[in-house]
Each structure stands twice: as structure tokens, then as C-alpha cells.
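Following: one structure in C-alpha cells, then a few remarks.
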Amino acid sequence: MRRLHPISEHEQTVAQGAYAYRQAGEHAGAGEEWELTRLPDGGHIYRVEAGDGEGLWHLMLAPDGRPDRLQLRLHDDAGRRFDATYTFFDTEVLVSGGQVGRRPEKDVTELPAGYSLLWLPFAGRGMARIGCDSEAGAAQAVPVYLMRQESPEDGWLSARPVDCAVERVRRGVLEVPAGSFEAEEIGFKIAELADQHGWFDEHGITLWWQSDDQVQAVLSRYRWFAEPAG
């Protein structure tokens with residue numbers, strides 16, 4: 001897979017995998033490859049190649065699992081390129097970048113305390129569960145920084161904080177092309193979106209994602225390595 005930044009000698013690989021994209025029950029597009037590494041301080045990095053290099057994502061997570069820094073590069077069929085960096089703080093995010101060849105832009109957005117991130121790749125979407133009480137049986141209100149795909153004419157990406165109702169639905173065995181897993185289904189309700197449902201394994205890796213009853217991605221390849229001690 002292609003990466004924005006190579007894995008350094010200070011990182012340890014934790015997991016690798018791939019997703020098959022689906023649309024109307026059929027395979028769609030080139031899918032998504034990803035890998036997860038661990039940093040010496042307990043933080044992690046998700047690297048994702050979406051499609052056939054159309055999207056490269058590099059997300060650093062703090063030791064508590066919250067987003068710290070996101071870098072991305074997008075391409076379109078016309079050869080245009082979009083680069084951006086998101087730097088996350090406790091109650092705000094600094095965004096810089098833009099379409100290559102144009103003047104870069106900067107913006108600061110205030111975020112609610114305790115926010116989580118719902119980004120475009122399916123890898124790492126377990127982040128959206130941050131702030132959800134694992135013992136609660138009812139839906140919980142969780143602030144989410146939601147990223148949406150836009151056309152190049154409309155800025156490539158949009159992102160803003162939204163209210164999300166997160167509900168732990170059920171546990172059970174889930175069969176996906178990558179294997180059979182004990183999984184937890186979690187529902188995400190955001191006013192402007194169709195209801196989203198994700199299934200996650202014991203490590204928080206996304207196994208299956210669907211919007212209403214339409215499957216969008218399934219885990220097609222997966223390997224989990226032992227986490228380093230400490």
C-alpha cells in the first residue's frame with residue numbers, strides 16, 4: 001500500500017487489513033488498505049490508502065485514543081490534488097491546506113469537550129465510540145467531528161461538530177470475508193445522515209459498516225499482531 005509517511009523505526013505494527021467497498025450489494029471500487037502502528041508513548045497511527053491511491057490518510061492518535069493530527073492527500077480523475085492537515089486540541093481543530101496550485105487556507109473550529117472523530121476511511125471508525133459508556137444500555141449523546149466528501153469545486157472535504165446518539169445494540173458472532181469474529185454492533189444517529197451501524201471486534205477494528213440497510217464496507221483481509229507491553 002502507498003503511504004503519506006513511511007513507518008519509522010520507533011513504531012511497532014499492531015494490525016493490517018483491507019476493506020471491500022460495496023454499493024447496492026455489489027463490490028464497488030478498489031476498496032481500502034490500512035495499517036495500525038503503536039508509538040512508544042502509547043499513541044497509535046492509522047495509515048490508509050483508499051481506492052487506487054485516490055486518498056492517502058495519516059492519522060495520529062493520542063494515548064487515550066483521541067485524534068491528535070491528521071494529514072491527507074486526495075486526487076481526482078482530472079489530476080487535481082488536495083492536501084490538508086488537521087491539528088486537534090482539547091476544544092478546537094486547526095485546519096490548513098487546499099487544492100495544490102491554489103493559495104492554501106487556514107481555519108480554526110471550536111469543538112465540544114470530549115469530541116470524537118468520524119472520518120471518511122472505514123479503518124479507525126471505532127474512534128466514533130469514544131465517550132460512550134460501555135455499560136450503558138440506552139443511546140448516549142456524543143459530540144462528533146464529522147467529515148464529509150465534497151466535490152473539488154466545493155472544497156473536496158467539509159467537517160464540523162455534530163450531535164450523535166451512540167447506542168450499543170448487540171453482541172454476537174459476525175462472519176466477514178476476513179474471518180469469524182466476536183463482534184459488537186453499535187448504532188450512530190446523526191440528524192443529517194441515514195442511520196449508521198458499525199460492527200467492531202474486541203480491539204475496536206471495524207468489521208462491517210452500513211448506512212441504513214445498505215452495506216458500505218466489509219473487512220476482507222485482517223491480521224492482528226500482539227501489542228507491545230506498556
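Each chain in the C-alpha cells gets a letter, A, B, ..., in the order shown, and its residues are numbered from 1; ligands are numbered from 1 in order too.
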
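Once A:Glu32 and its same-chain neighbours fewer than 4 positions away are set aside, Ala18, Tyr19, Ala20, Val48, Glu49, Ala50 and Gly51 of chain A remain within 7 Å of it when counting only C-alpha atoms.
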
What are the nearest atom pairs, with distances in Å to one decimal, for all residues of stretch 90-202 of chain A that come at most 12 Å from stretch 208-221 of chain A, using only C-alpha atoms, set out by chain and rising residue number as a tab-separated table?
```
residue	atom	partner	partner_atom	distance
A:Leu120	CA	A:Gln216	CA	11.6
A:Pro121	CA	A:Ala217	CA	9.8
A:Phe122	CA	A:Ala217	CA	7.2
A:Ala123	CA	A:Leu219	CA	9.3
A:Gly124	CA	A:Trp209	CA	11.6
A:Arg125	CA	A:Trp209	CA	9.2
A:Gly126	CA	A:Trp209	CA	10.8
A:Leu174	CA	A:Trp208	CA	8.8
A:Glu175	CA	A:Trp208	CA	9.5
A:Val176	CA	A:Leu219	CA	6.2
A:Pro177	CA	A:Ser220	CA	4.8
A:Ala178	CA	A:Ser220	CA	4.6
A:Gly179	CA	A:Ser220	CA	8.2
A:Ser180	CA	A:Leu219	CA	10.6
A:Phe181	CA	A:Leu219	CA	10.9
A:Ala183	CA	A:Trp208	CA	9.6
A:Glu184	CA	A:Trp208	CA	10.3
A:Glu185	CA	A:Trp208	CA	9.1
A:Ile186	CA	A:Trp209	CA	9.8
A:Gly187	CA	A:Gln210	CA	9.8
A:Phe188	CA	A:Ser211	CA	9.6
A:Lys189	CA	A:Asp212	CA	10.2
A:Ile190	CA	A:Ser211	CA	11.5
A:Leu193	CA	A:Ser211	CA	8.6
A:Ala194	CA	A:Asp212	CA	5.9
A:Asp195	CA	A:Asp212	CA	5.2
A:Gln196	CA	A:Ser211	CA	4.6
A:His197	CA	A:Gln210	CA	5.4
A:Gly198	CA	A:Trp209	CA	4.6
A:Trp199	CA	A:Trp208	CA	5.2
A:Phe200	CA	A:Trp208	CA	7.4
A:Asp201	CA	A:Trp208	CA	9.8
```

Might you pull out every residue within 9 Å of A:Gly29, with only C-alpha atoms counted and same-chain residues fewer than 2 positions away left off, and present them as an NGL selection string? :A and (20-22 or 27 or 31 or 51-52)

For the residues selected in the previous step, produce a file with C-alpha atoms as a tab-separated table (two decimals), in the first residue's frame.
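The new file out04.tsv reads:
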```tsv
chain	number	residue	atom	x	y	z
A	20	ALA	CA	-14.02	-4.23	0.18
A	21	TYR	CA	-16.39	-1.41	-0.71
A	22	ARG	CA	-19.97	-2.30	-1.59
A	27	HIS	CA	-18.43	-4.76	-4.98
A	31	GLY	CA	-11.52	-0.74	-1.69
A	51	GLY	CA	-9.20	3.44	-3.73
A	52	ASP	CA	-6.28	3.10	-6.11
```

Strand (DSSP E or B) call set, DSSP backbone run, stretch 74-214 of chain A, as an NGL selection string: :A and (74-75 or 81-88 or 92-99 or 105-110 or 116-118 or 140-149 or 157-176 or 179-189 or 196-200 or 206-211 or 214)

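For the pair atom CA of A:Ile45 and atom CA of A:Ala159, the separation is 20.6 Å.
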
Using only C-alpha atoms, which protein or nucleic acid residues come within 12 Å of stretch 150-155 of chain A? Drop anything in the same chain fewer than 3 positions from it, and give the result as a ChimeraX atom specification. /A:74-84,97-100,102,104-105,120,147,158-159

What lies within 7 Å of A:Arg69 using only C-alpha atoms, ignoring chain neighbours under 6 positions off, as a compact mmCIF listing (two decimals) with C-alpha atoms, in the first residue's frame?
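Saved to result_19.txt:
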```txt
# COMPACT_ATOMS: atom_id res chain seq x y z
CA LEU A 59 -3.95 9.85 11.47
CA MET A 60 -2.05 10.08 14.74
CA TYR A 86 -5.91 18.83 10.83
CA THR A 87 -4.32 19.54 14.21
CA PHE A 88 -6.60 18.65 17.11
```

Give me, as CSV, the closest atom pair and its distance (Å, one decimal) for every residue of stretch 34-150 of chain A within a cut-off of 8 Å of stretch 9-13 of chain A, counting only C-alpha atoms, rows sorted by chain and rising number.
```
residue,atom,partner,partner_atom,distance
A:Glu35,CA,A:Thr13,CA,7.5
A:Leu36,CA,A:Thr13,CA,6.1
A:Thr37,CA,A:Thr13,CA,4.3
A:Arg38,CA,A:Gln12,CA,5.2
A:Leu39,CA,A:Glu11,CA,5.0
A:Pro40,CA,A:His10,CA,6.7
```

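Closest approach to A:Ala15 among A:His44, A:Arg2, A:Gly55, A:Lys106 is made by A:His44 (distances from only C-alpha atoms).
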
Env of A:Val166: 9 Å cut, atoms = only C-alpha atoms, seq-sep filter 2 positions within chain, self excluded. Answer as a VMD selection string. chain A and resid 128 to 129 132 138 to 142 164 168 186 to 189

Rounded to one decimal, what separation in Å do you get between atom CA of A:Ala30 and atom CA of A:Tyr222? 16.6 Å
